[in-house]
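Have a look at model38.txt; it's compact mmCIF, C-alpha atoms:
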# COMPACT_ATOMS: atom_id res chain seq x y z
CA MET I 1 51.06 -25.27 -49.58
CA ARG I 2 53.94 -25.42 -52.03
CA MET I 3 54.35 -22.51 -54.38
CA PHE I 4 56.11 -22.84 -57.70
CA ARG I 5 58.96 -21.24 -59.56
CA TRP I 6 58.75 -20.55 -63.22
CA ALA I 7 61.74 -19.37 -65.22
CA VAL I 8 61.57 -18.12 -68.79
CA VAL I 9 65.04 -18.84 -70.06
CA GLY I 10 67.09 -17.94 -73.13
CA VAL I 11 64.35 -16.59 -75.39
CA CYS I 12 65.75 -15.64 -78.79
CA VAL I 13 63.63 -12.81 -80.16
CA ILE I 14 65.68 -12.16 -83.31
CA GLY I 15 67.07 -15.38 -84.75
CA CYS I 16 69.45 -14.08 -87.49
CA ALA I 17 72.96 -15.57 -87.80
CA ASP I 18 76.05 -14.01 -89.39
CA ALA I 19 78.41 -15.74 -91.77
CA SER I 20 80.41 -17.26 -88.93
CA GLY I 21 77.31 -18.92 -87.56
CA THR I 22 77.06 -16.78 -84.43
CA THR I 23 73.85 -15.04 -83.56
CA ALA I 24 73.90 -11.45 -84.73
CA SER I 25 71.35 -10.25 -82.25
CA ARG I 26 69.65 -11.90 -79.38
CA ARG I 27 67.95 -10.86 -76.19
CA ALA I 28 67.79 -13.19 -73.21
CA ALA I 29 65.33 -12.65 -70.44
CA SER I 30 64.60 -14.39 -67.23
CA LYS I 31 61.70 -13.61 -64.99
CA GLU I 32 60.64 -15.17 -61.72
CA VAL I 33 56.89 -15.41 -61.82
CA ALA I 34 56.21 -16.93 -58.41
CA ALA I 35 58.50 -17.92 -55.58
CA GLY I 36 58.26 -20.23 -52.65
CA SER I 37 60.54 -20.48 -49.69
CA GLY I 38 63.60 -21.84 -51.51
CA GLY I 39 66.52 -20.09 -53.22
CA PRO I 40 66.48 -17.91 -56.33
CA ALA I 41 64.87 -19.01 -59.56
CA GLN I 42 67.03 -21.36 -61.63
CA VAL I 43 68.04 -19.96 -65.02
CA LEU I 44 69.40 -22.39 -67.60
CA PRO I 45 72.51 -21.37 -69.55
CA ASN I 46 71.60 -19.61 -72.77
CA ALA I 47 75.00 -19.13 -74.37
CA ASN I 48 75.44 -20.10 -78.02
CA PRO I 49 72.05 -21.61 -78.75
CA PRO I 50 71.66 -23.04 -82.24
CA SER I 51 71.14 -20.36 -84.88
CA ALA I 52 67.64 -19.56 -86.00
CA MET I 53 66.26 -21.50 -83.07
CA PRO I 54 62.44 -21.49 -82.99
CA LEU I 55 60.83 -19.75 -80.03
CA GLY I 56 60.18 -21.94 -77.01
CA VAL I 57 62.30 -24.98 -77.81
CA LEU I 58 64.43 -24.67 -74.68
CA SER I 59 63.29 -27.10 -71.99
CA VAL I 60 62.30 -25.41 -68.73
CA GLN I 61 62.49 -27.73 -65.73
CA PRO I 62 61.03 -26.01 -62.65
CA PRO I 63 61.38 -27.60 -59.23
CA ALA I 64 58.61 -29.94 -58.10
CA VAL I 65 55.48 -27.90 -57.44
CA ASP I 66 51.83 -28.12 -56.61
CA SER I 67 50.52 -27.07 -60.00
CA GLY I 68 46.82 -27.63 -59.47
CA ILE I 69 46.69 -29.09 -63.00
CA VAL I 70 45.20 -32.56 -63.32
CA GLY I 71 44.40 -34.87 -66.14
CA LEU I 72 47.42 -34.07 -68.36
CA PRO I 73 49.26 -36.91 -70.08
CA GLN I 74 52.56 -38.14 -68.70
CA GLY I 75 55.62 -36.14 -69.72
CA CYS I 76 55.98 -32.52 -70.73
CA GLU I 77 55.15 -30.71 -73.95
CA VAL I 78 57.44 -28.15 -75.50
CA GLY I 79 56.51 -24.60 -74.55
CA LYS I 80 53.95 -25.68 -71.93
CA PHE I 81 54.08 -25.84 -68.17
CA CYS I 82 55.08 -29.29 -66.95
CA PRO I 83 53.04 -30.46 -63.92
CA PRO I 84 54.94 -32.22 -61.11
CA GLN I 85 55.05 -35.98 -60.87
CA ASP I 86 56.10 -36.24 -57.23
CA PRO I 87 53.60 -36.32 -54.31
CA ASP I 88 52.58 -33.20 -52.45
CA ALA I 89 54.55 -32.19 -49.38
CA PRO I 90 52.95 -33.12 -46.03
CA HIS I 91 52.08 -29.49 -45.24
CA CYS I 92 50.31 -28.86 -48.55
CA GLY I 93 46.91 -27.28 -48.11
CA THR I 94 47.50 -26.26 -44.52
CA LEU I 95 48.01 -22.56 -45.17
CA THR I 96 45.66 -20.67 -42.89
CA LEU I 97 44.28 -17.34 -43.99
CA THR I 98 42.94 -15.52 -40.96
CA SER I 99 39.98 -13.20 -41.27
CA ASP I 100 38.47 -10.28 -39.39
CA VAL I 101 35.03 -11.87 -39.03
CA GLU I 102 33.87 -12.27 -35.44
CA VAL I 103 32.54 -15.73 -34.70
CA LYS I 104 29.87 -15.95 -32.01
CA ARG I 105 28.57 -19.05 -30.28
CA VAL I 106 24.89 -18.71 -29.37
CA PRO I 107 23.83 -21.07 -26.56
CA GLY I 108 21.15 -23.58 -27.43
CA ASN I 109 18.19 -24.95 -25.48
CA LEU I 110 17.10 -28.55 -25.33
CA LEU I 111 13.85 -29.97 -23.96
CA LEU I 112 13.92 -33.73 -23.44
CA VAL I 113 10.57 -35.54 -23.43
CA PHE I 114 11.61 -38.90 -22.04
CA ASP I 115 9.71 -42.16 -21.75
CA GLN I 116 10.30 -43.75 -18.34
CA SER I 117 7.75 -46.51 -18.63
CA LEU I 118 8.44 -50.04 -17.41
CA SER I 119 9.39 -51.34 -20.85
CA MET I 120 12.47 -49.07 -20.85
CA SER I 121 13.96 -51.47 -18.27
CA GLU I 122 14.16 -54.22 -20.88
CA PRO I 123 17.60 -55.04 -22.38
CA TRP I 124 18.52 -53.29 -25.62
CA MET I 125 20.35 -56.41 -26.74
CA VAL I 126 20.75 -59.80 -25.09
CA GLY I 127 23.27 -59.52 -22.30
CA GLY I 128 23.68 -55.79 -22.77
CA ALA I 129 22.52 -52.61 -21.09
CA THR I 130 18.85 -51.83 -20.76
CA LYS I 131 17.25 -49.27 -23.04
CA LEU I 132 17.08 -46.91 -20.10
CA GLN I 133 20.77 -47.30 -19.22
CA ALA I 134 21.84 -46.81 -22.83
CA ALA I 135 19.70 -43.70 -23.27
CA GLN I 136 20.69 -42.28 -19.87
CA THR I 137 24.41 -42.56 -20.70
CA ALA I 138 24.05 -41.37 -24.30
CA ILE I 139 22.15 -38.25 -23.27
CA ALA I 140 24.61 -37.39 -20.51
CA ASN I 141 27.59 -37.77 -22.84
CA ALA I 142 25.96 -35.76 -25.62
CA ILE I 143 25.14 -32.86 -23.31
CA THR I 144 28.54 -32.97 -21.62
CA SER I 145 30.25 -32.36 -24.96
CA LEU I 146 28.72 -28.84 -25.12
CA GLN I 147 27.65 -28.24 -21.55
CA ASP I 148 29.00 -24.67 -21.48
CA SER I 149 26.69 -23.71 -24.35
CA LEU I 150 23.41 -25.39 -23.41
CA ASN I 151 20.33 -24.99 -21.24
CA VAL I 152 18.41 -28.23 -20.77
CA GLY I 153 15.11 -29.30 -19.25
CA ALA I 154 13.43 -32.70 -19.03
CA LEU I 155 9.83 -33.90 -18.92
CA PHE I 156 9.54 -37.56 -17.94
CA PHE I 157 6.42 -39.56 -18.74
CA PRO I 158 4.60 -40.93 -16.95
CA THR I 159 5.19 -39.35 -13.56
CA TYR I 160 1.92 -40.81 -12.32
CA ALA I 161 0.62 -44.17 -13.40
CA CYS I 162 -1.83 -43.88 -16.27
CA ALA I 163 -4.27 -46.37 -14.78
CA GLY I 164 -5.57 -46.97 -11.29
CA GLY I 165 -7.07 -44.73 -8.68
CA PRO I 166 -5.45 -41.96 -6.75
CA GLY I 167 -2.84 -42.64 -4.09
CA GLY I 168 -0.87 -45.75 -3.31
CA LEU I 169 2.03 -47.32 -5.09
CA GLY I 170 1.98 -49.06 -8.39
CA GLY I 171 0.52 -48.46 -11.78
CA LEU I 172 -2.47 -50.63 -12.45
CA PRO I 173 -4.49 -51.59 -9.39
CA GLY I 174 -2.38 -53.93 -7.31
CA GLY I 175 0.52 -53.16 -9.63
CA LEU I 176 4.24 -52.86 -9.23
CA PRO I 177 5.61 -52.22 -5.76
CA GLY I 178 7.93 -49.27 -5.87
CA GLY I 179 6.31 -47.98 -9.04
CA LEU I 180 4.79 -44.58 -9.67
CA PRO I 181 1.77 -43.48 -7.62
CA GLY I 182 -1.62 -43.32 -9.25
CA ARG I 183 -2.47 -39.93 -10.72
CA PRO I 184 -4.09 -37.76 -8.08
CA GLY I 185 -7.78 -37.24 -8.49
CA GLY I 186 -7.73 -38.97 -11.86
CA GLY I 187 -5.83 -36.04 -13.30
CA MET I 188 -2.94 -35.98 -15.79
CA SER I 189 -0.28 -38.66 -15.76
CA VAL I 190 2.56 -36.20 -16.41
CA ALA I 191 3.60 -33.54 -13.93
CA PRO I 192 4.41 -30.02 -15.18
CA ILE I 193 8.06 -29.20 -15.75
CA ASP I 194 8.31 -27.48 -12.36
CA GLY I 195 6.52 -30.38 -10.63
CA GLN I 196 7.81 -33.35 -8.70
CA GLY I 197 10.06 -35.67 -10.67
CA GLN I 198 10.74 -33.23 -13.53
CA ILE I 199 13.78 -31.07 -14.34
CA PRO I 200 13.13 -27.40 -15.23
CA PHE I 201 15.32 -25.59 -17.77
CA GLN I 202 18.75 -24.86 -16.31
CA PRO I 203 22.40 -24.63 -17.42
CA ALA I 204 23.69 -27.98 -18.59
CA PRO I 205 26.19 -28.56 -15.74
CA MET I 206 23.35 -28.24 -13.22
CA PHE I 207 21.05 -30.34 -15.40
CA LEU I 208 23.56 -33.18 -15.52
CA GLN I 209 23.57 -33.37 -11.73
CA ALA I 210 19.77 -33.40 -11.64
CA TRP I 211 19.71 -36.02 -14.42
CA THR I 212 21.94 -38.35 -12.40
CA GLN I 213 19.89 -37.82 -9.26
CA HIS I 214 16.64 -38.55 -11.09
CA TRP I 215 17.75 -42.05 -12.00
CA ALA I 216 18.74 -42.75 -8.40
CA ASP I 217 15.00 -42.71 -7.65
CA ALA I 218 13.67 -46.26 -7.41
CA ALA I 219 10.50 -45.29 -9.28
CA ALA I 220 12.35 -44.29 -12.44
CA ALA I 221 11.48 -46.54 -15.39
CA LEU I 222 8.74 -48.26 -13.39
CA GLY I 223 5.85 -46.22 -14.76
CA VAL I 224 2.83 -47.83 -16.33
CA GLY I 225 1.63 -46.52 -19.67
CA THR I 226 3.10 -44.23 -22.33
CA PRO I 227 1.17 -40.94 -22.12
CA MET I 228 3.17 -39.13 -24.80
CA GLN I 229 0.30 -36.82 -25.75
CA GLU I 230 0.07 -35.58 -22.18
CA ALA I 231 3.85 -35.10 -22.15
CA PHE I 232 3.59 -32.91 -25.26
CA ASP I 233 0.82 -30.91 -23.58
CA ARG I 234 3.18 -30.28 -20.67
CA ALA I 235 5.99 -29.47 -23.10
CA ASP I 236 3.82 -26.84 -24.76
CA SER I 237 3.31 -25.09 -21.44
CA ALA I 238 7.00 -25.35 -20.58
CA LEU I 239 8.05 -23.77 -23.88
CA ALA I 240 5.47 -21.00 -23.57
CA ASN I 241 6.56 -20.01 -20.05
CA ALA I 242 10.35 -20.35 -20.39
CA GLN I 243 12.50 -17.31 -21.08
CA LEU I 244 14.97 -18.84 -23.54
CA ALA I 245 17.50 -17.09 -25.75
CA GLY I 246 18.87 -18.86 -28.81
CA SER I 247 17.60 -21.84 -30.73
CA VAL I 248 15.35 -24.45 -29.09
CA ALA I 249 14.82 -28.10 -29.94
CA VAL I 250 12.55 -30.79 -28.52
CA VAL I 251 13.88 -34.35 -28.38
CA ALA I 252 11.35 -37.09 -27.61
CA VAL I 253 12.74 -40.50 -26.63
CA THR I 254 10.43 -43.53 -26.45
CA ASP I 255 10.37 -47.26 -27.11
CA GLY I 256 6.87 -47.76 -28.41
CA ALA I 257 3.51 -46.43 -29.47
CA PRO I 258 1.86 -43.85 -27.22
CA ASN I 259 -1.16 -44.93 -25.20
CA CYS I 260 -3.09 -43.77 -22.16
CA LEU I 261 -4.71 -40.84 -23.95
CA PRO I 262 -6.04 -37.90 -21.93
CA LEU I 263 -9.68 -38.53 -22.75
CA GLY I 264 -11.90 -35.56 -22.10
CA ALA I 265 -9.07 -33.42 -20.71
CA ALA I 266 -9.19 -29.71 -21.49
CA GLY I 267 -6.36 -28.02 -23.36
CA THR I 268 -4.95 -31.17 -24.93
CA ASP I 269 -3.83 -31.68 -28.52
CA THR I 270 -2.12 -34.41 -30.51
CA GLU I 271 1.65 -34.75 -30.67
CA VAL I 272 1.58 -34.13 -34.43
CA ASN I 273 -0.29 -30.85 -34.05
CA ARG I 274 1.93 -29.71 -31.19
CA ALA I 275 5.12 -30.34 -33.17
CA ALA I 276 3.74 -28.58 -36.26
CA LYS I 277 2.72 -25.52 -34.24
CA TRP I 278 6.11 -25.27 -32.49
CA LEU I 279 7.84 -25.32 -35.86
CA THR I 280 5.51 -22.78 -37.46
CA ASP I 281 5.19 -20.35 -34.58
CA LYS I 282 8.60 -20.56 -32.89
CA ASN I 283 10.92 -22.35 -35.34
CA ILE I 284 11.37 -25.15 -32.81
CA LYS I 285 12.24 -28.51 -34.36
CA THR I 286 11.05 -31.77 -32.84
CA TYR I 287 13.24 -34.85 -33.04
CA VAL I 288 11.87 -38.28 -32.20
CA VAL I 289 14.23 -41.08 -31.16
CA GLY I 290 12.76 -44.57 -31.28
CA LEU I 291 14.45 -47.22 -29.15
CA PRO I 292 13.87 -50.98 -29.67
CA GLY I 293 10.14 -51.56 -29.78
CA ALA I 294 9.38 -48.35 -31.66
CA ALA I 295 10.06 -49.60 -35.18
CA GLY I 296 7.04 -49.32 -37.46
CA VAL I 297 5.14 -46.89 -35.23
CA GLN I 298 3.76 -44.49 -37.84
CA LEU I 299 2.70 -41.87 -35.30
CA LEU I 300 6.32 -41.32 -34.23
CA ASN I 301 7.35 -40.75 -37.81
CA ASP I 302 4.44 -38.33 -38.31
CA VAL I 303 5.53 -36.31 -35.27
CA ALA I 304 9.09 -36.00 -36.58
CA LYS I 305 7.87 -34.99 -40.02
CA SER I 306 5.50 -32.34 -38.71
CA GLY I 307 8.28 -31.09 -36.44
CA GLY I 308 10.60 -30.40 -39.36
CA THR I 309 13.02 -33.32 -38.95
CA THR I 310 11.83 -35.52 -41.85
CA GLU I 311 11.60 -38.86 -40.05
CA TYR I 312 12.11 -40.43 -36.66
CA ILE I 313 15.47 -41.83 -35.66
CA LEU I 314 15.95 -45.57 -35.09
CA PRO I 315 19.54 -46.16 -33.88
CA ASP I 316 20.84 -49.71 -34.29
CA ASN I 317 22.79 -49.81 -31.03
CA PRO I 318 23.72 -47.64 -28.03
CA ALA I 319 26.82 -46.24 -29.77
CA ALA I 320 24.72 -45.07 -32.72
CA LEU I 321 22.24 -43.51 -30.28
CA GLU I 322 24.98 -41.49 -28.60
CA ALA I 323 26.44 -40.34 -31.93
CA LYS I 324 23.03 -39.15 -33.13
CA LEU I 325 22.26 -37.34 -29.89
CA LYS I 326 25.60 -35.52 -30.06
CA GLU I 327 24.70 -34.41 -33.57
CA LEU I 328 21.35 -33.06 -32.39
CA VAL I 329 22.99 -31.17 -29.54
CA GLN I 330 25.54 -29.65 -31.90
CA GLU I 331 22.77 -28.46 -34.20
CA THR I 332 21.12 -26.67 -31.29
CA VAL I 333 24.23 -24.64 -30.44
CA LYS I 334 24.73 -22.11 -33.24
CA THR I 335 27.98 -20.62 -34.47
CA THR I 336 27.19 -17.38 -36.25
CA PHE I 337 29.21 -14.77 -38.13
CA ASP I 338 28.67 -11.08 -37.56
CA HIS I 339 28.99 -10.08 -41.22
CA CYS I 340 29.74 -11.52 -44.67
CA SER I 341 32.63 -9.28 -45.77
CA ILE I 342 35.88 -11.04 -44.92
CA LYS I 343 39.38 -9.58 -45.01
CA LEU I 344 42.06 -12.25 -45.46
CA SER I 345 45.53 -12.10 -43.96
CA PRO I 346 47.76 -12.82 -45.74
CA ALA I 347 46.17 -12.08 -49.08
CA ALA I 348 45.35 -15.08 -51.25
CA ASP I 349 47.94 -15.56 -53.98
CA PRO I 350 46.77 -16.53 -56.53
CA PRO I 351 43.17 -15.63 -55.64
CA ASP I 352 41.57 -17.54 -58.50
CA SER I 353 42.74 -20.88 -57.07
CA LEU I 354 41.37 -20.32 -53.56
CA GLN I 355 38.71 -22.68 -52.21
CA MET I 356 36.11 -21.93 -49.54
CA ILE I 357 35.55 -24.81 -47.11
CA VAL I 358 32.68 -24.97 -44.63
CA VAL I 359 31.87 -27.37 -41.80
CA GLU I 360 28.14 -27.73 -41.21
CA ALA I 361 26.74 -27.58 -37.70
CA GLY I 362 25.44 -30.83 -36.32
CA SER I 363 26.52 -33.20 -39.08
CA GLN I 364 30.10 -31.83 -39.11
CA ILE I 365 30.23 -32.49 -42.85
CA LYS I 366 33.06 -30.63 -44.57
CA SER I 367 32.21 -29.30 -48.03
CA GLN I 368 33.66 -27.04 -50.68
CA VAL I 369 31.58 -24.07 -51.78
CA PRO I 370 31.38 -23.09 -55.46
CA ARG I 371 31.80 -19.39 -56.26
CA MET I 372 28.20 -19.45 -57.53
CA LEU I 373 26.38 -21.85 -55.21
CA THR I 374 22.94 -20.69 -56.35
CA PRO I 375 21.74 -17.96 -58.71
CA THR I 376 21.30 -15.77 -55.63
CA GLY I 377 24.14 -16.89 -53.39
CA GLY I 378 27.85 -17.64 -53.41
CA TRP I 379 31.12 -15.80 -52.84
CA THR I 380 33.59 -13.57 -54.63
CA ILE I 381 37.19 -12.56 -54.02
CA SER I 382 38.90 -9.33 -54.99
CA GLN I 383 41.66 -9.33 -57.60
CA ASP I 384 44.28 -8.56 -54.97
CA GLY I 385 43.18 -11.60 -52.91
CA VAL I 386 42.42 -9.53 -49.80
CA TYR I 387 38.62 -9.38 -49.62
CA VAL I 388 36.01 -12.14 -49.77
CA GLU I 389 32.32 -11.28 -50.01
CA ILE I 390 29.76 -13.96 -49.13
CA THR I 391 26.51 -13.18 -50.87
CA GLY I 392 22.80 -13.94 -50.89
CA ASP I 393 21.52 -17.19 -49.43
CA LEU I 394 25.00 -18.32 -48.43
CA CYS I 395 25.46 -15.19 -46.32
CA SER I 396 22.07 -15.76 -44.68
CA ASP I 397 23.05 -19.34 -43.84
CA ALA I 398 26.36 -18.22 -42.30
CA MET I 399 24.72 -15.58 -40.12
CA ALA I 400 21.91 -17.96 -39.09
CA GLY I 401 24.38 -20.53 -37.75
CA ARG I 402 24.36 -23.18 -40.47
CA PHE I 403 28.16 -23.52 -40.34
CA ASN I 404 30.53 -24.21 -37.48
CA SER I 405 33.45 -22.82 -39.45
CA ILE I 406 34.40 -21.19 -42.73
CA SER I 407 37.97 -21.49 -43.98
CA PHE I 408 39.99 -20.93 -47.15
CA GLN I 409 42.67 -23.14 -48.64
CA TYR I 410 44.36 -24.25 -51.82
CA LYS I 411 43.67 -27.74 -53.07
CA CYS I 412 46.60 -30.11 -53.14
CA LYS I 413 47.20 -32.29 -56.15
CA ASP I 414 46.85 -35.53 -54.18
CA THR I 415 43.94 -34.43 -51.96
CA PRO I 416 40.56 -36.08 -52.72
CA GLU I 417 37.80 -33.75 -53.80
CA LEU I 418 35.46 -32.64 -51.01
CA PRO I 419 31.72 -32.90 -51.61
CA VAL I 420 30.03 -29.76 -52.90
CA LEU I 421 27.83 -27.92 -50.41
CA GLN I 422 24.14 -28.36 -51.07
CA PRO I 423 22.02 -25.19 -51.04
CA SER I 424 19.76 -24.79 -48.01
Serialized structure, structure tokens:
Amino acid sequence: MRMFRWAVVGVCVIGCADASGTTASRRAASKEVAAGSGGPAQVLPNANPPSAMPLGVLSVQPPAVDSGIVGLPQGCEVGKFCPPQDPDAPHCGTLTLTSDVEVKRVPGNLLLVFDQSLSMSEPWMVGGATKLQAAQTAIANAITSLQDSLNVGALFFPTYACAGGPGGLGGLPGGLPGGLPGRPGGGMSVAPIDGQGQIPFQPAPMFLQAWTQHWADAAAALGVGTPMQEAFDRADSALANAQLAGSVAVVAVTDGAPNCLPLGAAGTDTEVNRAAKWLTDKNIKTYVVGLPGAAGVQLLNDVAKSGGTTEYILPDNPAALEAKLKELVQETVKTTFDHCSIKLSPAADPPDSLQMIVVEAGSQIKSQVPRMLTPTGGWTISQDGVYVEITGDLCSDAMAGRFNSISFQYKCKDTPELPVLQPS
């Protein structure tokens, strides 16, 4: 950031002249108010000014600076600071003020509830990848981006065909060769997370290997039926029995309305009720991703809403799917701060012009934070520019992992305004 020089030059404090026209008494003063990295402050010659000169008529022309003043008319006014007309230097706004706050990354946990029914083998778009291929790649890429900070498990549904008797290949009687076997003894169509064809919670690098191996199985994406309610029943057991530290999120991926309900089964509940209970009891959010074929399915939207994520996600194409999944993964991994009292080095100078900038987890949106964000939350800075105190709700958000980073900078004259952070 460019600092500015300000020189007060040739001030005549007693403007009396003698008979010869020379000034009988004058006092000249020059004072450097702020300095950058250049040479000494420039002082204009003050010899023999006109007699009885009014205060402030001398023109002060400081070097080009980043004044932080906007909206003034062109040109300078006598006795007032003249803002620069030239663009900011390329390094403006890049001053980094380090702090003594310890930043901690808390690993996240992800449970995928993934539809592997036959319809997932249909093309996403004409001539393109199938829905399964697009989702398989998008999930792998999203997890890879933060694999050192994630534990992941997967529940695929169905793992047994919803219809048909026990044993044998296929879904419906006489169904697809190479498909999933009929559910044994007429039981559930989804195996538990530690059962055959599922992936228990494990560190992401190990999960990615298991994920790749799963799709090498010929039966993958050849299941009959969409027993999503049974999958959520299995997810409830998996979450209850897992020993997980850090935040947890459930991501359900499907391409249509659930069917094949577990009629008469004990211990079952609807997807909406499961998602609501996870949110209330364990602060676990449920995201629902709808692939082509899922548009207009109200139940999927209801599950997302009850799970605290407002509405289900309908990506337009595979690239949008991958981008959204990466955002969800980033929201699961929390970056927290150990306290809200920050010591800056070097000290902010001037402190009143300092801006706080935050980057939100997940969305990666960069915002500026007002000193008083809410009546109960914001931030203050000491007069010497050394200490910042984050207060109230804003402090709670920082320590709960809402932000990936908190930084401080001075706004450049030519830099567009950042959006203002919205209270949580």
- Can you pull out every residue within 10 Å of range 287-297 of chain I, counting all atoms listed in the file, but drop anything in the same chain fewer than 3 positions away, and send it as a PyMOL selection string? chain I and resi 112-114+119-120+122-125+131-132+134-135+249-258+275+284+300-318+321+324-325+328
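Among the candidate residues I:Thr144, I:Asp281, I:Gln196, I:Ser149, the one lying nearest to Asp217 in chain I is I:Gln196, with distances computed using all atoms listed in the file.
In this model, the gap between CA of Asn404 in chain I and CA of Ile139 in chain I comes to 21.7 Å.
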- Task: Tell me which protein, DNA and RNA residues are within 9 Å of Thr374 in chain I, counting all atoms listed in the file, leaving out same-chain ones fewer than 5 positions away, and put them as a count of residues only.
- Result: 4
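Taking CA of Pro346 in chain I and CA of Val386 in chain I as endpoints, the distance between them is 7.5 Å.
Take the candidates I:Tyr160, I:Phe337, I:Phe232, I:Phe201 and check each one against Lys104 in chain I using only C-alpha atoms; the shortest distance goes to I:Phe337.
Between Asp338 in chain I and the candidates I:Glu417, I:Glu322, I:Asp397, I:Asp236, the tightest atom-to-atom separation, counting all atoms listed in the file, involves I:Asp397.
In this comparison, which uses only C-alpha atoms, the residue of I:Asp349, I:Asp269, I:Glu360, I:Asp233 approaching Thr335 in chain I most closely is I:Glu360.
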- Within 10 Å of Pro227 in chain I, counting only C-alpha atoms, which residues show up once you throw out same-chain ones fewer than 5 positions away? Write them as a ChimeraX atom specification, please. /I:115,117,156-162,188-190,232,257-262
Selection from above, C-alpha atoms, as a compact mmCIF listing (two decimals), keeping the file's coordinate frame, can you write it?
# COMPACT_ATOMS: atom_id res chain seq x y z
CA ASP I 115 9.71 -42.16 -21.75
CA SER I 117 7.75 -46.51 -18.63
CA PHE I 156 9.54 -37.56 -17.94
CA PHE I 157 6.42 -39.56 -18.74
CA PRO I 158 4.60 -40.93 -16.95
CA THR I 159 5.19 -39.35 -13.56
CA TYR I 160 1.92 -40.81 -12.32
CA ALA I 161 0.62 -44.17 -13.40
CA CYS I 162 -1.83 -43.88 -16.27
CA MET I 188 -2.94 -35.98 -15.79
CA SER I 189 -0.28 -38.66 -15.76
CA VAL I 190 2.56 -36.20 -16.41
CA PHE I 232 3.59 -32.91 -25.26
CA ALA I 257 3.51 -46.43 -29.47
CA PRO I 258 1.86 -43.85 -27.22
CA ASN I 259 -1.16 -44.93 -25.20
CA CYS I 260 -3.09 -43.77 -22.16
CA LEU I 261 -4.71 -40.84 -23.95
CA PRO I 262 -6.04 -37.90 -21.93
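As for CA of Ile357 in chain I and CA of Leu146 in chain I, they are spaced 23.4 Å apart.
Residue nearest Arg371 in chain I, chosen from I:Ala276, I:Cys412, I:Leu421, I:Ala348 and counting all atoms listed in the file: I:Leu421.
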- Residue nearest Val248 in chain I among I:Pro205, I:Pro200, I:Pro107, I:Pro370 (counting only C-alpha atoms): I:Pro107
